[in-house]
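Each remark here refers to the structure printed beneath this line.
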Amino acid sequence: MGNGGNPGILVVDDEEALRTLLVRLLEKEGFEPFSASDGEEAIRLFRDRSPLVVISDVRMPKMDGLTMLTEIRKIDRSAAVILMTGQGNEEILLSALRGGATNFFKKPFNSLELIDEIRRIVGFRREAARSSLFSPFLTAETKLFVLPAGVSSYYPIVNQVTLQLPCLVPPEEILNLKIGIEEMITNAIEHGNLGISFEEKSEAIREERLEGLIAERTAESERAGRRIFIHSRLDSDLFEVTVRDEGRGFDWKALPEVAPENLLAFNGRGILLARIYFDEVTYNEAGNQVTLRKRRR
């Protein structure tokens, strides 16, 4: 938290104009931002002020984003770091994501989309700090949720599904697993049941009308009754979540491999992030059901 009680956000970039822009935007949205021009300064500020989220460029003077991430996670294993990057930094970016970075945005990015992501991470981190329902004696559980059309908040479901995950994985990995699950539910709703293409969503985000587009598609008679099915299973060795929509599916076989040269070419980050966070991501033949698996190390 910031000193004023609002969520503290650390902005790290050697470009002063971008730092100033992000700080002003975050202040307007009710956060308490502070900034650093390089990784070394960022580590000092992180140690002194313990921000809930760090937003950092990948390539900076003195220290790149991967090295900064590594040092920050020595201070706080659960630190949430969002990376900003341009072309040419794919090797560092992939290593950072595999090293625990929470998400990334390709420059230039939509500022409202970034704010939404920050709000999501802040919500998950605050919930984790409040949670006292975990039991180390759990041996197995299964859960099934059915989301009707028009449901816009599935945050409580993600928390329910992951409530007992400390039985299986280190606490510092759970935030990223939550992000991966939520991304798959979002894809199932928007791309699966509502048939919104990546191009349509990108344009709607740029024009600040994504909520309106979702409402329009949800109201269409052919899509009005479509549901989302979320099934989770947890035992001593495996965590598995299956998300199924009632749409037409997609050609998952055409997805590129998770490799540096493909990172910035992915249509959306959700599937990419899930593939990095989870041990396995598999689809049914139709492409309207995805299963995420995380195994005990």
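Quick note on naming: the chains in the structure tokens go A, B, ... in the order shown, residues restart at 1 in each chain, and ligands are numbered from 1 in order of appearance.
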Gly192 of chain A environment, 12 Å, only C-alpha atoms, sequence neighbours closer than 4 positions dropped, as a ChimeraX atom specification:
/A:149,184-188,196-198,214,217-218,223,226-228,243-251,286-290
Quick one: residues within 12 Å of Glu15 of chain A, only C-alpha atoms counted, chain neighbours fewer than 6 positions away excluded, as a ChimeraX atom specification?
/A:21-22,35-38,56-57,59-61,84
Restrict the selected residues to N, CA and C atoms and save them as a tab-separated table (two decimals), in the first residue's frame.
```
chain	number	residue	atom	x	y	z
A	21	LEU	N	3.52	10.36	-17.79
A	21	LEU	CA	2.18	10.04	-18.28
A	21	LEU	C	1.53	8.97	-17.43
A	22	LEU	N	2.26	7.89	-17.14
A	22	LEU	CA	1.70	6.79	-16.35
A	22	LEU	C	1.41	7.22	-14.92
A	35	SER	N	7.92	6.62	-9.08
A	35	SER	CA	8.63	6.18	-10.28
A	35	SER	C	10.13	6.12	-10.08
A	36	ALA	N	10.77	5.34	-10.97
A	36	ALA	CA	12.22	5.21	-11.02
A	36	ALA	C	12.65	5.21	-12.47
A	37	SER	N	13.86	5.71	-12.73
A	37	SER	CA	14.35	5.81	-14.10
A	37	SER	C	15.22	4.61	-14.51
A	38	ASP	N	15.56	3.74	-13.56
A	38	ASP	CA	16.34	2.56	-13.89
A	38	ASP	C	16.09	1.48	-12.84
A	56	SER	N	7.22	-2.01	-15.44
A	56	SER	CA	8.60	-1.71	-15.81
A	56	SER	C	8.86	-1.97	-17.28
A	57	ASP	N	9.71	-1.12	-17.86
A	57	ASP	CA	10.25	-1.37	-19.19
A	57	ASP	C	11.16	-2.59	-19.11
A	59	ARG	N	13.91	-3.02	-21.30
A	59	ARG	CA	15.27	-2.58	-21.60
A	59	ARG	C	15.51	-1.22	-20.98
A	60	MET	N	16.47	-1.15	-20.04
A	60	MET	CA	16.77	0.12	-19.35
A	60	MET	C	18.27	0.23	-19.10
A	61	PRO	N	18.75	1.43	-18.80
A	61	PRO	CA	20.16	1.58	-18.42
A	61	PRO	C	20.45	0.85	-17.11
A	84	MET	N	6.70	-3.77	-19.85
A	84	MET	CA	6.40	-3.05	-21.09
A	84	MET	C	7.57	-3.28	-22.05
```
Return the single residue from A:Leu263, A:Val161, A:Ile276, A:Val169 that is closest to Asn89 of chain A, with distances computed using only C-alpha atoms.
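Answer, going by the shortest atom-to-atom distance: A:Leu263.
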Output as a count of residues only all residues of segment 125-224 of chain A that backbone DSSP marks as helix (DSSP H, G or I).
58
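Proximity of A:Ile82, A:Leu147, A:Ile121, A:Met63 to Asn103 of chain A, computed with only C-alpha atoms, is greatest for A:Ile82.
One distance worth recording is that between atom CA of Thr291 of chain A and atom CA of Lys143 of chain A, which is 14.2 Å.
In terms of minimum interatomic distance to Gly99 of chain A, A:Glu71 ranks closest within A:Asp14, A:Glu199, A:Glu285, A:Glu71, counting only C-alpha atoms.
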What does the distance from atom CA of Arg47 of chain A to atom CA of Phe105 of chain A come to in Å, to one decimal?
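Going from atom CA of Arg47 of chain A over to atom CA of Phe105 of chain A covers 24.5 Å.
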Long-range neighbours of Met68 of chain A as a PyMOL selection string, 9 Å cut-off, only C-alpha atoms, 5 positions minimum in chain
chain A and resi 39-40+42-43+63+73
If you keep C-alpha atoms, can you produce a file of those selected residues as a compact mmCIF listing (two decimals), in the first residue's frame?
```txt
# COMPACT_ATOMS: atom_id res chain seq x y z
CA GLY A 39 16.33 -0.85 -12.26
CA GLU A 40 18.75 -0.03 -9.46
CA ALA A 42 13.52 0.70 -8.63
CA ILE A 43 14.94 -1.94 -6.28
CA MET A 63 19.82 -3.15 -15.40
CA ARG A 73 11.56 -11.29 -6.08
```
Write out as a tab-separated table a residue-level contact list of segment 31-138 of chain A versus segment 163-168 of chain A with cut-off 7 Å: for each qualifying residue the closest pair of atoms and the distance in Å to one decimal, counting only C-alpha atoms, rows sorted by chain and residue number upward.
```
residue	atom	partner	partner_atom	distance
A:Phe134	CA	A:Gln164	CA	5.4
A:Ser135	CA	A:Gln164	CA	6.9
A:Pro136	CA	A:Cys167	CA	5.9
```
Selected residues written out with N, CA and C atoms, as a CSV table (one decimal), in the first residue's frame:
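As a result, part-v9.csv now contains:
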```csv
chain,number,residue,atom,x,y,z
A,134,PHE,N,-7.5,-21.4,3.8
A,134,PHE,CA,-6.7,-22.5,3.4
A,134,PHE,C,-6.5,-23.5,4.5
A,135,SER,N,-6.6,-24.8,4.1
A,135,SER,CA,-6.4,-25.9,5.1
A,135,SER,C,-5.3,-26.8,4.5
A,136,PRO,N,-4.2,-27.0,5.3
A,136,PRO,CA,-3.1,-27.9,4.8
A,136,PRO,C,-3.5,-29.4,4.9
```
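Considering the residues A:Ile181, A:Val81, A:Leu18, A:Val12 and counting only C-alpha atoms, Phe239 of chain A has its shortest atom-to-atom contact with A:Ile181.
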Leaving out Tyr155 of chain A and any residue of its chain fewer than 3 positions from it, which residues lie within 8 Å of it when counting only C-alpha atoms, given as a list in words?
Val158, Asn159 and Glu182 of chain A
Applying 10 Å and only C-alpha atoms, which residues near Gln87 of chain A remain after dropping the ones on its own chain fewer than 2 positions away? List them as a ChimeraX atom specification.
/A:85,89-90,106-107,261,263-264
Selection file, C-alpha atoms, as an mmCIF file, in the first residue's frame:
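Saved file again-v1.cif follows:
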```cif
data_model
loop_
_atom_site.group_PDB
_atom_site.id
_atom_site.type_symbol
_atom_site.label_atom_id
_atom_site.label_comp_id
_atom_site.auth_asym_id
_atom_site.auth_seq_id
_atom_site.Cartn_x
_atom_site.Cartn_y
_atom_site.Cartn_z
ATOM 1 C CA THR A 85 8.341 -3.913 -24.212
ATOM 2 C CA ASN A 89 13.448 -7.590 -26.433
ATOM 3 C CA GLU A 90 11.689 -10.922 -26.877
ATOM 4 C CA LYS A 106 3.630 -4.322 -26.157
ATOM 5 C CA LYS A 107 4.466 -0.667 -26.798
ATOM 6 C CA GLU A 261 10.168 -14.855 -32.091
ATOM 7 C CA LEU A 263 5.813 -13.550 -28.315
ATOM 8 C CA LEU A 264 4.657 -10.252 -29.789
#
```
For Phe229 of chain A, which residue among A:Ile92, A:Leu26, A:Ile179, A:Val241 is the nearest when counting only C-alpha atoms?
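Nearest candidate to Phe229 of chain A out of A:Ile92, A:Leu26, A:Ile179, A:Val241: A:Val241.
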